[in-house]
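Q: My structure file coords-v8.cif, mmCIF, C-alpha atoms, is below:
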data_my_file
loop_
_atom_site.label_atom_id
_atom_site.label_comp_id
_atom_site.auth_asym_id
_atom_site.auth_seq_id
_atom_site.Cartn_x
_atom_site.Cartn_y
_atom_site.Cartn_z
CA MET Y 1 20.61 -45.11 -20.43
CA GLN Y 2 21.53 -44.41 -24.04
CA ILE Y 3 19.99 -40.94 -23.97
CA LEU Y 4 22.36 -39.79 -21.20
CA LYS Y 5 25.40 -40.55 -23.39
CA SER Y 6 24.82 -37.25 -25.17
CA PRO Y 7 27.02 -34.54 -23.55
CA ALA Y 8 24.41 -31.87 -24.26
CA LEU Y 9 21.66 -33.86 -22.53
CA ARG Y 10 23.92 -34.65 -19.58
CA ARG Y 11 24.61 -30.94 -19.14
CA LEU Y 12 20.88 -30.21 -19.35
CA PHE Y 13 20.06 -32.78 -16.66
CA LEU Y 14 22.83 -31.42 -14.43
CA PHE Y 15 21.45 -27.90 -14.83
CA LEU Y 16 17.92 -29.08 -13.97
CA ALA Y 17 19.28 -30.84 -10.86
CA ILE Y 18 21.24 -27.81 -9.64
CA MET Y 19 18.93 -24.96 -10.64
CA GLY Y 20 16.97 -23.25 -7.91
CA PRO Y 21 18.87 -20.64 -5.86
CA GLY Y 22 19.25 -18.12 -8.70
CA ILE Y 23 15.75 -18.51 -10.15
CA ILE Y 24 14.03 -18.48 -6.75
CA THR Y 25 15.95 -15.51 -5.31
CA SER Y 26 15.44 -13.37 -8.40
CA ASN Y 27 11.73 -14.11 -8.66
CA VAL Y 28 11.09 -13.28 -5.01
CA ASP Y 29 12.21 -9.78 -5.99
CA ASN Y 30 8.88 -9.49 -7.84
CA ASP Y 31 7.11 -9.28 -4.49
CA ALA Y 32 4.10 -7.15 -3.54
CA GLY Y 33 6.27 -4.02 -3.34
CA GLY Y 34 7.94 -4.76 -6.67
CA ILE Y 35 4.65 -5.41 -8.44
CA THR Y 36 3.30 -2.15 -7.01
CA THR Y 37 6.36 -0.27 -8.28
CA TYR Y 38 6.10 -1.70 -11.81
CA SER Y 39 2.33 -1.14 -11.90
CA VAL Y 40 2.71 2.51 -10.90
CA ALA Y 41 5.54 2.92 -13.42
CA GLY Y 42 3.44 1.57 -16.28
CA ALA Y 43 0.35 3.57 -15.32
CA THR Y 44 2.33 6.80 -14.88
CA LEU Y 45 5.06 6.66 -17.55
CA GLY Y 46 3.64 4.22 -20.07
CA TYR Y 47 6.31 2.38 -22.07
CA LYS Y 48 9.00 5.02 -21.52
CA CYS Y 49 10.64 3.20 -18.60
CA LEU Y 50 11.11 -0.16 -20.37
CA TRP Y 51 14.69 0.48 -21.50
CA ILE Y 52 16.00 0.41 -17.94
CA PHE Y 53 15.36 -3.33 -17.58
CA LEU Y 54 18.21 -4.37 -19.90
CA PRO Y 55 21.00 -2.81 -17.77
CA ILE Y 56 19.18 -4.05 -14.67
CA ILE Y 57 19.62 -7.65 -15.92
CA VAL Y 58 23.39 -7.09 -16.18
CA ALA Y 59 23.59 -5.59 -12.68
CA LEU Y 60 21.58 -8.41 -11.14
CA VAL Y 61 23.69 -11.11 -12.81
CA VAL Y 62 26.96 -9.48 -11.67
CA ILE Y 63 25.94 -9.12 -8.01
CA GLN Y 64 24.29 -12.50 -7.58
CA GLU Y 65 27.03 -14.38 -9.43
CA MET Y 66 29.55 -13.21 -6.84
CA CYS Y 67 27.43 -14.51 -3.96
CA THR Y 68 26.84 -17.91 -5.54
CA ARG Y 69 30.55 -18.21 -6.32
CA MET Y 70 31.46 -17.43 -2.70
CA GLY Y 71 28.96 -20.01 -1.47
CA ALA Y 72 30.28 -22.70 -3.82
CA VAL Y 73 33.97 -22.01 -3.03
CA THR Y 74 33.78 -21.49 0.75
CA GLY Y 75 30.76 -23.61 1.70
CA LYS Y 76 29.68 -20.76 4.00
CA GLY Y 77 26.88 -18.20 3.99
CA LEU Y 78 27.52 -14.48 3.54
CA ALA Y 79 26.69 -13.58 7.16
CA ASP Y 80 29.09 -16.29 8.34
CA LEU Y 81 31.91 -14.85 6.21
CA ILE Y 82 31.21 -11.28 7.33
CA ARG Y 83 31.47 -12.36 11.00
CA GLU Y 84 34.74 -14.23 10.39
CA ARG Y 85 36.39 -11.45 8.37
CA PHE Y 86 35.00 -8.24 9.89
CA GLY Y 87 34.25 -9.19 13.50
CA VAL Y 88 31.22 -9.69 15.72
CA LYS Y 89 30.63 -5.98 16.48
CA ILE Y 90 30.24 -4.94 12.83
CA THR Y 91 28.20 -8.07 12.18
CA PHE Y 92 25.80 -7.24 15.03
CA TYR Y 93 25.00 -3.76 13.73
CA ALA Y 94 24.70 -5.01 10.14
CA MET Y 95 22.30 -7.78 11.19
CA LEU Y 96 20.23 -5.36 13.30
CA GLY Y 97 19.75 -3.07 10.30
CA LEU Y 98 18.89 -5.98 8.03
CA LEU Y 99 16.41 -7.37 10.58
CA LEU Y 100 14.56 -4.04 10.85
CA GLY Y 101 14.41 -3.66 7.07
CA ASN Y 102 13.27 -7.24 6.52
CA MET Y 103 10.56 -6.97 9.17
CA GLY Y 104 8.97 -4.15 7.22
CA ASN Y 105 9.28 -6.17 4.00
CA ILE Y 106 7.67 -9.23 5.60
CA MET Y 107 4.72 -7.11 6.71
CA SER Y 108 4.42 -5.77 3.16
CA GLU Y 109 4.20 -9.32 1.78
CA PHE Y 110 1.38 -10.28 4.14
CA ALA Y 111 -0.35 -7.02 3.24
CA GLY Y 112 -0.09 -8.18 -0.39
CA VAL Y 113 -1.74 -11.48 0.54
CA ALA Y 114 -4.59 -9.60 2.24
CA ALA Y 115 -5.05 -7.22 -0.71
CA SER Y 116 -5.07 -9.97 -3.35
CA MET Y 117 -7.53 -12.14 -1.41
CA GLU Y 118 -9.84 -9.17 -0.87
CA LEU Y 119 -10.06 -8.98 -4.68
CA PHE Y 120 -11.68 -12.44 -4.48
CA GLY Y 121 -13.97 -11.38 -1.62
CA VAL Y 122 -12.01 -13.01 1.23
CA SER Y 123 -11.48 -11.01 4.43
CA LYS Y 124 -7.92 -10.51 5.68
CA TYR Y 125 -9.00 -11.93 9.05
CA ILE Y 126 -9.44 -15.27 7.25
CA SER Y 127 -6.72 -15.09 4.58
CA LEU Y 128 -3.81 -13.96 6.75
CA PRO Y 129 -3.98 -16.66 9.46
CA LEU Y 130 -4.33 -19.31 6.72
CA ALA Y 131 -1.44 -17.86 4.70
CA ALA Y 132 0.79 -17.59 7.77
CA PHE Y 133 0.11 -21.21 8.72
CA LEU Y 134 0.71 -22.39 5.13
CA VAL Y 135 4.15 -20.80 4.73
CA TRP Y 136 5.17 -21.88 8.26
CA TRP Y 137 4.03 -25.47 7.75
CA LEU Y 138 5.76 -25.74 4.36
CA VAL Y 139 9.21 -25.04 5.77
CA LEU Y 140 8.66 -26.86 9.06
CA ARG Y 141 7.27 -30.04 7.52
CA TRP Y 142 9.36 -30.66 4.38
CA SER Y 143 13.02 -31.03 3.39
CA TYR Y 144 14.99 -28.41 1.47
CA LYS Y 145 14.57 -30.37 -1.77
CA VAL Y 146 10.76 -30.43 -1.47
CA VAL Y 147 10.52 -26.78 -0.39
CA GLU Y 148 12.72 -25.74 -3.31
CA ARG Y 149 10.45 -27.57 -5.77
CA VAL Y 150 7.41 -25.77 -4.35
CA PHE Y 151 9.23 -22.44 -4.73
CA LEU Y 152 10.20 -23.28 -8.31
CA ALA Y 153 6.58 -24.14 -9.09
CA ALA Y 154 5.57 -20.78 -7.61
CA CYS Y 155 8.00 -19.09 -10.03
CA LEU Y 156 5.97 -20.47 -12.95
CA VAL Y 157 2.81 -18.74 -11.71
CA TYR Y 158 4.47 -15.40 -12.47
CA PHE Y 159 3.75 -16.10 -16.13
CA CYS Y 160 0.20 -14.94 -15.32
CA TYR Y 161 1.58 -11.47 -15.89
CA ILE Y 162 2.71 -12.34 -19.41
CA PHE Y 163 -0.79 -13.52 -20.30
CA SER Y 164 -2.30 -10.48 -18.58
CA GLY Y 165 -0.01 -8.21 -20.61
CA TYR Y 166 -0.98 -9.96 -23.83
CA LEU Y 167 -4.69 -9.54 -23.05
CA ALA Y 168 -4.09 -5.79 -22.62
CA HIS Y 169 -3.31 -5.57 -26.39
CA PRO Y 170 -0.28 -3.25 -26.19
CA LEU Y 171 1.34 -1.49 -29.15
CA TRP Y 172 4.11 -4.03 -29.73
CA GLY Y 173 6.07 -1.79 -32.11
CA GLU Y 174 6.26 0.94 -29.50
CA VAL Y 175 7.15 -1.64 -26.84
CA ALA Y 176 10.08 -2.91 -28.95
CA LYS Y 177 11.37 0.63 -29.54
CA GLU Y 178 11.17 1.67 -25.89
CA LEU Y 179 12.97 -1.50 -24.78
CA VAL Y 180 16.14 -0.65 -26.71
CA VAL Y 181 16.11 3.16 -26.97
CA PRO Y 182 16.92 5.00 -23.70
CA ASN Y 183 14.30 7.61 -22.94
CA PHE Y 184 15.48 9.59 -19.92
CA SER Y 185 13.86 12.66 -18.42
CA PHE Y 186 14.85 14.90 -15.50
CA ASN Y 187 11.21 15.32 -14.57
CA SER Y 188 11.00 14.63 -10.81
CA THR Y 189 8.22 12.04 -11.19
CA TYR Y 190 10.20 10.19 -13.84
CA VAL Y 191 13.39 10.17 -11.74
CA VAL Y 192 11.63 8.95 -8.58
CA ILE Y 193 9.89 6.11 -10.45
CA MET Y 194 13.06 5.03 -12.26
CA VAL Y 195 15.04 5.02 -9.02
CA GLY Y 196 12.21 3.02 -7.43
CA ILE Y 197 12.40 0.42 -10.23
CA ILE Y 198 16.14 0.00 -9.76
CA GLY Y 199 15.79 0.04 -5.98
CA THR Y 200 13.44 -2.94 -6.04
CA THR Y 201 15.89 -5.01 -8.10
CA ILE Y 202 18.73 -5.61 -5.66
CA ALA Y 203 17.91 -5.77 -1.95
CA PRO Y 204 20.35 -6.72 0.84
CA TRP Y 205 18.43 -9.85 1.91
CA MET Y 206 18.78 -11.38 -1.59
CA GLN Y 207 22.54 -11.71 -1.32
CA PHE Y 208 22.31 -13.54 2.00
CA TYR Y 209 19.56 -15.88 0.88
CA ILE Y 210 21.11 -16.94 -2.44
CA GLN Y 211 24.48 -17.75 -0.83
CA SER Y 212 22.81 -19.70 1.99
CA ALA Y 213 20.72 -21.62 -0.56
CA VAL Y 214 23.84 -22.57 -2.55
CA VAL Y 215 25.50 -23.82 0.64
CA GLU Y 216 22.46 -25.77 1.87
CA LYS Y 217 22.02 -27.38 -1.54
CA GLY Y 218 25.64 -28.58 -1.37
CA ILE Y 219 26.76 -26.95 -4.62
CA THR Y 220 30.54 -26.99 -5.04
CA VAL Y 221 33.04 -25.41 -7.43
CA LYS Y 222 32.83 -28.49 -9.65
CA ASP Y 223 29.18 -27.87 -10.44
CA TYR Y 224 29.29 -24.09 -10.12
CA ILE Y 225 29.01 -23.38 -13.85
CA TYR Y 226 25.39 -24.62 -13.76
CA THR Y 227 24.59 -22.33 -10.85
CA LYS Y 228 25.91 -19.43 -12.93
CA TYR Y 229 23.39 -20.36 -15.64
CA ASP Y 230 20.75 -20.53 -12.90
CA VAL Y 231 21.56 -16.93 -11.92
CA ILE Y 232 21.39 -15.76 -15.53
CA VAL Y 233 18.06 -17.50 -16.18
CA GLY Y 234 16.62 -16.09 -12.94
CA SER Y 235 17.79 -12.55 -13.71
CA ILE Y 236 16.26 -12.63 -17.19
CA MET Y 237 13.02 -14.22 -15.96
CA VAL Y 238 12.37 -11.72 -13.15
CA ASN Y 239 12.91 -8.77 -15.48
CA LEU Y 240 10.76 -10.31 -18.23
CA ILE Y 241 7.86 -10.53 -15.77
CA ALA Y 242 8.50 -6.95 -14.63
CA VAL Y 243 8.44 -5.76 -18.25
CA PHE Y 244 5.05 -7.38 -18.82
CA ILE Y 245 3.62 -5.83 -15.64
CA VAL Y 246 4.69 -2.42 -16.97
CA ILE Y 247 3.29 -3.24 -20.43
CA CYS Y 248 -0.04 -4.37 -18.98
CA CYS Y 249 -0.56 -1.16 -17.00
CA ALA Y 250 0.85 1.08 -19.75
CA ALA Y 251 -1.50 -0.33 -22.40
CA THR Y 252 -4.57 0.16 -20.22
CA LEU Y 253 -4.29 2.51 -17.24
CA HIS Y 254 -1.77 4.94 -18.78
CA VAL Y 255 -3.72 5.20 -22.03
CA LYS Y 256 -6.86 6.15 -20.09
CA GLY Y 257 -4.99 8.54 -17.78
CA ILE Y 258 -5.76 6.46 -14.67
CA ARG Y 259 -3.29 6.91 -11.81
CA ILE Y 260 -2.81 4.24 -9.15
CA GLU Y 261 -0.87 3.80 -5.91
CA THR Y 262 -1.10 0.04 -5.27
CA ALA Y 263 -1.07 -3.26 -7.15
CA LYS Y 264 -4.62 -3.90 -5.90
CA GLU Y 265 -5.79 -0.73 -7.66
CA ALA Y 266 -4.02 -1.92 -10.82
CA ALA Y 267 -5.87 -5.25 -10.77
CA LEU Y 268 -9.22 -3.52 -10.20
CA GLY Y 269 -8.53 -0.98 -12.94
CA LEU Y 270 -7.73 -3.64 -15.53
CA ALA Y 271 -11.18 -5.27 -15.48
CA PRO Y 272 -13.12 -2.60 -17.40
CA LEU Y 273 -10.19 -1.87 -19.74
CA ALA Y 274 -8.66 -5.25 -20.61
CA GLY Y 275 -11.39 -7.61 -19.44
CA ALA Y 276 -12.00 -9.70 -16.34
CA GLY Y 277 -9.46 -12.29 -17.50
CA ALA Y 278 -6.54 -9.83 -17.36
CA SER Y 279 -7.70 -8.56 -13.96
CA ILE Y 280 -8.02 -12.07 -12.48
CA LEU Y 281 -4.60 -13.12 -13.81
CA PHE Y 282 -3.06 -9.96 -12.33
CA ALA Y 283 -4.68 -10.69 -8.94
CA ILE Y 284 -3.50 -14.34 -9.03
CA GLY Y 285 0.01 -13.12 -9.78
CA LEU Y 286 -0.12 -10.72 -6.81
CA LEU Y 287 -1.33 -13.49 -4.47
CA ASN Y 288 1.37 -15.88 -5.65
CA ALA Y 289 4.09 -13.24 -5.36
CA SER Y 290 2.99 -12.24 -1.85
CA LEU Y 291 2.76 -15.84 -0.57
CA PHE Y 292 6.09 -16.74 -2.22
CA SER Y 293 7.88 -13.74 -0.72
CA ALA Y 294 6.18 -14.20 2.66
CA SER Y 295 7.87 -17.63 2.74
CA ILE Y 296 11.31 -16.55 1.53
CA LEU Y 297 11.86 -13.31 3.46
CA PRO Y 298 11.41 -14.81 6.97
CA LEU Y 299 13.52 -17.76 5.83
CA SER Y 300 16.28 -15.46 4.56
CA THR Y 301 16.18 -13.48 7.81
CA ALA Y 302 16.41 -16.61 9.97
CA TYR Y 303 19.33 -17.84 7.84
CA PHE Y 304 21.48 -14.72 8.08
CA LEU Y 305 20.81 -14.12 11.79
CA CYS Y 306 21.77 -17.67 12.72
CA GLU Y 307 24.80 -17.71 10.41
CA ALA Y 308 25.99 -14.36 11.75
CA PHE Y 309 26.30 -15.74 15.27
CA GLY Y 310 27.33 -19.30 14.48
CA ILE Y 311 23.98 -20.92 15.30
CA GLU Y 312 22.77 -24.05 13.52
CA ALA Y 313 20.42 -23.28 10.63
CA GLY Y 314 18.83 -25.06 7.68
CA ILE Y 315 15.59 -26.54 6.40
CA ASP Y 316 17.11 -30.03 6.34
CA LYS Y 317 17.74 -29.86 10.09
CA SER Y 318 15.04 -30.79 12.60
CA TRP Y 319 13.58 -28.39 15.16
CA ARG Y 320 15.67 -30.15 17.83
CA GLU Y 321 18.88 -29.65 15.78
CA ALA Y 322 18.20 -25.98 14.91
CA PRO Y 323 15.67 -24.59 17.43
CA ALA Y 324 16.79 -20.95 17.13
CA PHE Y 325 16.43 -21.07 13.33
CA TYR Y 326 12.87 -22.40 13.47
CA TRP Y 327 11.82 -20.15 16.34
CA LEU Y 328 13.08 -17.11 14.46
CA TYR Y 329 11.18 -18.18 11.34
CA THR Y 330 8.02 -18.74 13.37
CA ILE Y 331 8.21 -15.42 15.25
CA LEU Y 332 8.87 -13.43 12.06
CA ILE Y 333 5.78 -14.93 10.40
CA ILE Y 334 3.55 -14.37 13.46
CA VAL Y 335 4.68 -10.75 13.87
CA GLY Y 336 4.59 -9.97 10.14
CA ALA Y 337 1.07 -11.32 9.63
CA GLY Y 338 -0.23 -10.27 13.05
CA LEU Y 339 0.66 -6.59 12.68
CA ILE Y 340 -1.28 -6.36 9.39
CA LEU Y 341 -4.38 -7.38 11.35
CA VAL Y 342 -3.97 -4.38 13.66
CA PRO Y 343 -6.65 -1.82 12.70
CA LYS Y 344 -5.45 1.45 11.14
CA ILE Y 345 -1.78 0.44 10.96
CA SER Y 346 0.05 2.65 8.45
CA LEU Y 347 1.46 0.21 5.91
CA ILE Y 348 2.77 3.13 3.83
CA ALA Y 349 4.92 4.22 6.80
CA VAL Y 350 6.16 0.64 7.29
CA MET Y 351 7.12 0.32 3.60
CA PHE Y 352 8.75 3.77 3.67
CA TRP Y 353 11.02 3.03 6.62
CA SER Y 354 11.90 -0.49 5.45
CA GLN Y 355 12.88 1.01 2.08
CA VAL Y 356 15.06 3.62 3.79
CA ILE Y 357 16.77 1.01 6.01
CA ASN Y 358 17.39 -1.31 3.06
CA GLY Y 359 18.74 1.64 1.09
CA VAL Y 360 21.20 2.51 3.85
CA MET Y 361 22.29 -1.13 4.31
CA LEU Y 362 22.77 -2.01 0.62
CA PRO Y 363 26.08 -0.13 0.09
CA PHE Y 364 27.64 -1.78 3.13
CA VAL Y 365 26.54 -5.27 2.06
CA LEU Y 366 27.88 -4.78 -1.48
CA ILE Y 367 31.24 -3.50 -0.23
CA PHE Y 368 31.52 -6.45 2.19
CA MET Y 369 30.83 -8.77 -0.75
CA LEU Y 370 33.48 -7.24 -3.01
CA LYS Y 371 36.12 -7.33 -0.28
CA LEU Y 372 35.33 -10.98 0.41
CA VAL Y 373 35.19 -12.12 -3.23
CA ASN Y 374 38.59 -10.48 -3.90
CA ASN Y 375 40.27 -12.07 -0.87
CA LYS Y 376 42.74 -14.66 -2.24
CA ASP Y 377 43.09 -16.41 1.13
CA LEU Y 378 39.34 -17.02 1.04
CA MET Y 379 38.63 -17.52 -2.67
CA GLY Y 380 41.96 -18.75 -4.05
CA GLU Y 381 41.94 -18.77 -7.87
CA HIS Y 382 38.22 -17.90 -7.88
CA VAL Y 383 38.65 -14.22 -7.02
CA ASN Y 384 37.29 -11.69 -9.51
CA GLY Y 385 39.43 -11.14 -12.59
CA PRO Y 386 40.43 -7.57 -13.63
CA VAL Y 387 37.65 -7.13 -16.20
CA PHE Y 388 34.99 -8.58 -13.92
CA ASN Y 389 36.24 -6.42 -11.05
CA ILE Y 390 35.82 -3.28 -13.15
CA ILE Y 391 32.28 -4.30 -14.11
CA SER Y 392 31.51 -5.19 -10.48
CA TRP Y 393 32.78 -1.96 -8.96
CA VAL Y 394 31.07 0.18 -11.62
CA THR Y 395 27.83 -1.72 -10.99
CA VAL Y 396 28.18 -1.25 -7.25
CA ALA Y 397 29.02 2.47 -7.64
CA VAL Y 398 25.91 3.00 -9.79
CA LEU Y 399 23.73 1.03 -7.37
CA ILE Y 400 25.05 2.96 -4.37
CA SER Y 401 24.47 6.30 -6.12
CA LEU Y 402 20.93 5.34 -7.07
CA THR Y 403 20.22 3.97 -3.61
CA VAL Y 404 21.38 7.24 -2.01
CA LEU Y 405 19.21 9.15 -4.48
CA MET Y 406 16.27 6.89 -3.63
CA VAL Y 407 16.69 7.48 0.11
CA VAL Y 408 17.10 11.26 -0.33
CA THR Y 409 14.08 11.58 -2.62
CA SER Y 410 12.02 9.55 -0.14
CA PHE Y 411 12.37 12.38 2.37
CA LEU Y 412 11.58 15.15 -0.12
CA PRO Y 413 8.01 16.41 -0.48
CA ALA Y 414 6.16 15.14 -3.54
#
What is this file in structure tokens?

A:
Amino acid sequence: MQILKSPALRRLFLFLAIMGPGIITSNVDNDAGGITTYSVAGATLGYKCLWIFLPIIVALVVIQEMCTRMGAVTGKGLADLIRERFGVKITFYAMLGLLLGNMGNIMSEFAGVAASMELFGVSKYISLPLAAFLVWWLVLRWSYKVVERVFLAACLVYFCYIFSGYLAHPLWGEVAKELVVPNFSFNSTYVVIMVGIIGTTIAPWMQFYIQSAVVEKGITVKDYIYTKYDVIVGSIMVNLIAVFIVICCAATLHVKGIRIETAKEAALGLAPLAGAGASILFAIGLLNASLFSASILPLSTAYFLCEAFGIEAGIDKSWREAPAFYWLYTILIIVGAGLILVPKISLIAVMFWSQVINGVMLPFVLIFMLKLVNNKDLMGEHVNGPVFNIISWVTVAVLISLTVLMVVTSFLPA
């Protein structure tokens, strides 16, 4: 075809063929817990927390680029490399911590499904079994290529939040100023919310999933440059959506002095202030995010557990070829959705402890990553360069400090 003779168009088509792991992994980070965090931030602090999203983009790109590079160079998942380089004993304890943290996160996603469907008048006793079957059937029935396309389509639904933010009629001049001018305060509420925003950006499971996705997709060093663009696009996209969630709640709930604790309360509060359209779009975004994350988090967990112990895993394999992988995925979905149906279960306690476990695990995962990516026997000429190493270690040091602060403040009285 004549059109493909253009180098620029060839590069574009290659990017479109390879994109997926970076965009999908980043957007899953805008899950029910993330949307709740951004909603509370906007309702409580207004526009004053917007500036933090620019450095967050840099941190997310740095961390996820290393994982995708390791996947492309080694052809192995992160859990697989940790087992090979650090031993089975360390791997076992690391995987146990990650499993406990992810189980709480999976429950949170199904709670998000229940909350969003209740906004449309559907009982959780109907919505949760249907949602659980849908996400299970999607992965069981289709190939990796088809599942990835569904996930990419789900990423587009996040743009509901951009339209919702626009319908809230924010003060765009103030938004622009707060995006570029740091506005820090040592007020305890401000610090806790800001740490919460950063804490939702980089979770341990993300690093395992994105590297496994690169490996399963068959991306190699030759095509790696396009995966790097994929990571950059995903990191910008997820933070753009987060910014608009904050804007939406700041322009409505904060202005009226309305305080909220959940994303469901944010959606309900928008209706009288920004109109039914903004409220419906917000609820649709919450449902999409919860379903999307309820698919990815069990999948990520099944990947890293199987990789850690050398068990066959992958969507492109049949149940007969990878029974442990599919059984793990199935059990995680059943338990995650089933526990939300238990009357009077304390979801706040579940989210609290999963946050604490993830906070404790994150420093270890990041240090494992940096040791692996700087191992010349493993990475050859693709180890971090001096400048990138400085940026990486500074990013990791900041993330560890903030994670420790987040865990400590979680135990302090409000």

Q: How would you write, as a ChimeraX atom specification, the residues chosen by the PyMOL selection byres ((chain Y and resi 329) around 12) on this structure?

A: /Y:103,106,132-133,135-140,294-306,313-315,319,322-328,330-336

Q: Any chance you could work out the residue set of the PyMOL selection byres ((chain Y and resi 165) around 7) here, as a count of residues only?

A: 11

Q: Identify, on the basis of only C-alpha atoms, every residue whose closest approach to segment 26-39 of chain Y does not exceed 9 Å; exclude the query and any residue fewer than 3 positions from it along the same chain; express the result as a ChimeraX atom specification.

A: /Y:21-23,42-44,60,64,105,108-113,155,158,193,196-197,200-203,206,210,231,234-239,241-243,245-250,260-264,266,286-294,296-297,351

Q: Between Y:Val373, Y:Ala267, Y:Ala397, Y:Val180, which one has atoms that come closest to Cys49 of chain Y, using all atoms listed in the file?

A: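 Nearest to Cys49 of chain Y: Y:Val180.
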
Q: Which residues, named as in the file, does the PyMOL selection byres ((chain Y and resi 54-56) around 8) pick out? Answer as a PyMOL selection string.

A: chain Y and resi 51-53+57-60+179+198+201+239

Q: Any idea what the distance is between atom CA of Val62 of chain Y and atom CA of Phe208 of chain Y?

A: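 Between atom CA of Val62 of chain Y and atom CA of Phe208 of chain Y the gap works out to 15.0 Å.
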
Q: Record the distance separating atom CA of Val175 of chain Y and atom CA of Cys160 of chain Y, expressed in Å with one decimal.

A: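 Atom-to-atom, atom CA of Val175 of chain Y to atom CA of Cys160 of chain Y, that is 18.9 Å.
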
Q: Find the distance between atom CA of Lys222 of chain Y and atom CA of Glu312 of chain Y and write it in Å to one decimal.

A: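 Atom CA of Glu312 of chain Y lies 25.6 Å from atom CA of Lys222 of chain Y.
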
Q: Find the residue from Y:Asp377, Y:Thr227, Y:Ile390, Y:Leu405 that sits nearest to Val61 of chain Y; use only C-alpha atoms when measuring.

A: Y:Thr227

Q: Select all residues near (30.1, -16.1, 18.7) (cut-off 10 Å, inclusive, file coordinates), counting only C-alpha atoms, and output them as a list in words.

A: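 The residues near that point, listed by chain and number, are Arg83, Glu84, Gly87, Val88, Glu307, Ala308, Phe309, Gly310 and Ile311 of chain Y.
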